[in-house]
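**Student:** I'd like to ask some things about the structure below.
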Amino acid sequence: MPADDDTLVAAARNGDRAAVERLLRTHYDRIHAVCRRITGNDADADDAAQEALLSIARGLQRFDGRSSFATWVYRIATNASLDELRRRRRRPLLDGVDEHDHDSRRSELDRRADPSPAAGGDGVAEQLADRMLLGAALGELAEEFRVAVVLRDVADLDYAEIAAVLAVPVGTVKSRIARGRAHLAAALHDTASEPARNQSGPGTRQTTAAESTPLT
Amino acid sequence: MTDHLHPEANDDELLASALVDGAADLAGGRAEAGQGAVSPQLAATVQAFAAVREALKAPLAVDAAMRDNAVAVAMAEHDRLVDESAADATSTAGGTQVVDIASRRRWPLRVVAAAAAVAVVGVVGVATFGRSRDSDDAALDQPSAAERVAASTEDAATGGGDDAADGSQADEYATPTIGAINAPAEVVIAVNSPEQLLDLVEAKLAPLPDAPEADGLGGDVMMSGSAALQCLDEDQVFVVAIVYAGTPAIAVRDTVTGVTQAIDEQCNVLAEVAP
């Protein structure tokens, strides 16, 4: 039976190196997913997830369990992602970011991860298109809405935990999640009703996204 | 914090969202909203929100090599800290105490600190009175020292913490350092959010009527050797040493724009708050 977070954290704080590594390894995938959904691309998500793991390693001894470990971890991941976004805004876009490369890498990873027998066929292409569309719609959301939705639907934190991470009231969290979902649902619905355009690639995503009402 | 610039979610969106999260039941939600039967529109909204949630929950593939590398880097940092900690344990020098901002606001501890301060003021007052009436000026300085003892008492009684700040009062941590009396340890304040950072910097920069010389622009804790100081722009001033979300950093204020930042020793901006 796998050890739960509390057990691993206690062991880690008592100097159990293997417990530290297991905690980091266990949470990495979801940390990366949170970072990926907030930053919008793999390169920034990789950097943010790395920074988050470093912060966890540095701060583990000071974590005293008043919040759940998961809440603490995703708070760190969220802050690392937002820091990465700020850094991205600061640095000039000379040669570093190539979104097409990121999309290609994501597509390849998703194709490898897809266990369905149809992998490589049209079904996979549709799934990839949906995921890319969702990513584009998320990217249009204002940061505050995007982070709230990601913490709820990707990190699976409850309203109170999200409120603690964002330092806002629970009512604000509910409102942001509802508005964020409404925007995403509208973006997906708009595109689903235009199947021909939906299948024509990244350029179409931008056209479709522009037609929805961005919460920015 | 409120969303001044964005429309609030309407009732149907809020209800649909709560239903998707299992935070409300349909009948109860409709009754609470003073509405009757479930409208097709609400049902469609719930369905659409559920689809969004499912799509977001779908796991994203992770590059295994990237995961291994990230974990290895973090473990190397962990090992370095363990080694450092072991070295510190054998050192005779005072250590660094990390104090969470939130933990500094617990009233029972402040009561204890205030009681200690009163006791010290009494002792100092008697001693001063017994020495000379010409030393009034020196006696007037003693409340400041007493405050420092009070702060020291509170600091010693509080430990580090990880929870977020709640309803902060800036003046509550206006004097976060341990005073000079029998207190060799250094204090670094743990900050976990941009809001806490701003509160702290505002507090540090606020004039202290009782101890005008105490802080100024901070610099009261162990910053002489911080590598982060080299990261400052010419318009930025150092305010105070902090630990931001687990990372040693400094809080700085841009004297031109008023922007507050937390910067780590690699010159990364960990948080930024506009005035």
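Starting from 1 in every chain, residues are counted up; chains themselves are A, B, ... following the order of the structure tokens, and ligands are numbered from 1 as listed.
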What lies within 10 Å of A:His27 using only C-alpha atoms, ignoring chain neighbours under 3 positions off, as a list in words?

**Tutor:**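 Residues meeting the cut-off are Asp5, Arg22, Leu23, Leu24, Arg30, Ile31, His32, Leu53, Ala70, Val73 and Tyr74 of chain A.
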
**Student:** Using N, CA, C and O atoms, can you export the residues from the last selection as a PDB file, in the first residue's frame?

**Tutor:**
ATOM      1  N   ASP A   5       0.840  11.156   1.873  1.00  0.00           N
ATOM      2  CA  ASP A   5       1.705  12.328   1.980  1.00  0.00           C
ATOM      3  C   ASP A   5       2.148  12.586   3.409  1.00  0.00           C
ATOM      4  O   ASP A   5       3.326  12.895   3.653  1.00  0.00           O
ATOM      5  N   ARG A  22      10.602  10.489  -2.957  1.00  0.00           N
ATOM      6  CA  ARG A  22       9.303   9.907  -3.333  1.00  0.00           C
ATOM      7  C   ARG A  22       8.221  10.988  -3.386  1.00  0.00           C
ATOM      8  O   ARG A  22       7.361  10.972  -4.266  1.00  0.00           O
ATOM      9  N   LEU A  23       8.266  11.906  -2.444  1.00  0.00           N
ATOM     10  CA  LEU A  23       7.299  13.012  -2.467  1.00  0.00           C
ATOM     11  C   LEU A  23       7.450  13.824  -3.755  1.00  0.00           C
ATOM     12  O   LEU A  23       6.468  14.162  -4.423  1.00  0.00           O
ATOM     13  N   LEU A  24       8.682  14.147  -4.077  1.00  0.00           N
ATOM     14  CA  LEU A  24       8.921  14.957  -5.273  1.00  0.00           C
ATOM     15  C   LEU A  24       8.464  14.220  -6.528  1.00  0.00           C
ATOM     16  O   LEU A  24       7.810  14.792  -7.404  1.00  0.00           O
ATOM     17  N   ARG A  30       1.687  16.194 -11.507  1.00  0.00           N
ATOM     18  CA  ARG A  30       0.589  17.154 -11.359  1.00  0.00           C
ATOM     19  C   ARG A  30       1.124  18.581 -11.205  1.00  0.00           C
ATOM     20  O   ARG A  30       0.497  19.526 -11.661  1.00  0.00           O
ATOM     21  N   ILE A  31       2.259  18.708 -10.568  1.00  0.00           N
ATOM     22  CA  ILE A  31       2.901  20.029 -10.506  1.00  0.00           C
ATOM     23  C   ILE A  31       3.155  20.527 -11.927  1.00  0.00           C
ATOM     24  O   ILE A  31       2.862  21.668 -12.273  1.00  0.00           O
ATOM     25  N   HIS A  32       3.694  19.632 -12.750  1.00  0.00           N
ATOM     26  CA  HIS A  32       3.992  20.026 -14.130  1.00  0.00           C
ATOM     27  C   HIS A  32       2.707  20.369 -14.875  1.00  0.00           C
ATOM     28  O   HIS A  32       2.670  21.317 -15.670  1.00  0.00           O
ATOM     29  N   LEU A  53      10.022  22.334  -7.541  1.00  0.00           N
ATOM     30  CA  LEU A  53      10.662  21.222  -6.830  1.00  0.00           C
ATOM     31  C   LEU A  53      11.808  21.710  -5.950  1.00  0.00           C
ATOM     32  O   LEU A  53      11.994  21.230  -4.826  1.00  0.00           O
ATOM     33  N   ALA A  70      -0.487  18.835  -0.232  1.00  0.00           N
ATOM     34  CA  ALA A  70      -0.854  19.122  -1.620  1.00  0.00           C
ATOM     35  C   ALA A  70      -1.132  20.613  -1.804  1.00  0.00           C
ATOM     36  O   ALA A  70      -0.695  21.219  -2.790  1.00  0.00           O
ATOM     37  N   VAL A  73       2.126  22.386  -1.843  1.00  0.00           N
ATOM     38  CA  VAL A  73       2.876  22.104  -3.073  1.00  0.00           C
ATOM     39  C   VAL A  73       2.309  22.894  -4.256  1.00  0.00           C
ATOM     40  O   VAL A  73       3.054  23.499  -5.032  1.00  0.00           O
ATOM     41  N   TYR A  74       0.975  22.915  -4.365  1.00  0.00           N
ATOM     42  CA  TYR A  74       0.408  23.590  -5.532  1.00  0.00           C
ATOM     43  C   TYR A  74       0.449  25.107  -5.384  1.00  0.00           C
ATOM     44  O   TYR A  74       0.421  25.836  -6.378  1.00  0.00           O
TER      45      TYR A  74
END

**Student:** Using only C-alpha atoms, find the residues of chain A whose closest atom to chain B is at most 6 Å away, then write them as a list in words.

**Tutor:** Gln50, Leu53, Leu54, Ser55, Ala57, Arg58, Gly59, Phe63, Asp83, Leu109, Asp110, Ala113, Asp153, Val154, Val168, Ser175, Ala178, Arg179, Arg181 and Ala185 of chain A

**Student:** What gap, in Å, lies between atom CA of A:Arg75 and atom CA of A:Val165?

**Tutor:**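 Spanning atom CA of A:Arg75 to atom CA of A:Val165 is a straight-line distance of 5.2 Å.
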
**Student:** Which is closest to A:Val173 among A:Ala48, A:Leu188, A:Ala148, A:Leu157, if we use only C-alpha atoms?

**Tutor:**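 Smallest distance to A:Val173 is found for A:Ala148.
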
**Student:** Write out as a PyMOL selection string which residues come within 10 Å of B:Thr260 when counting only C-alpha atoms, dropping same-chain ones fewer than 2 positions away.

**Tutor:** chain B and resi 194+197-198+201-202+236-237+239+251-255+257-258+262-263+271-275

**Student:** Take atom CA of A:Asp158 and atom CA of A:Ile76 and report the distance between them in Å, one decimal.

**Tutor:**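 Interatomic distance, atom CA of A:Asp158 to atom CA of A:Ile76: 16.3 Å.
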
**Student:** Atom CA of B:Ala44 and atom CA of A:Gly180 are how many Å apart?

**Tutor:**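 Atom CA of A:Gly180 lies at a distance of 16.3 Å from atom CA of B:Ala44.
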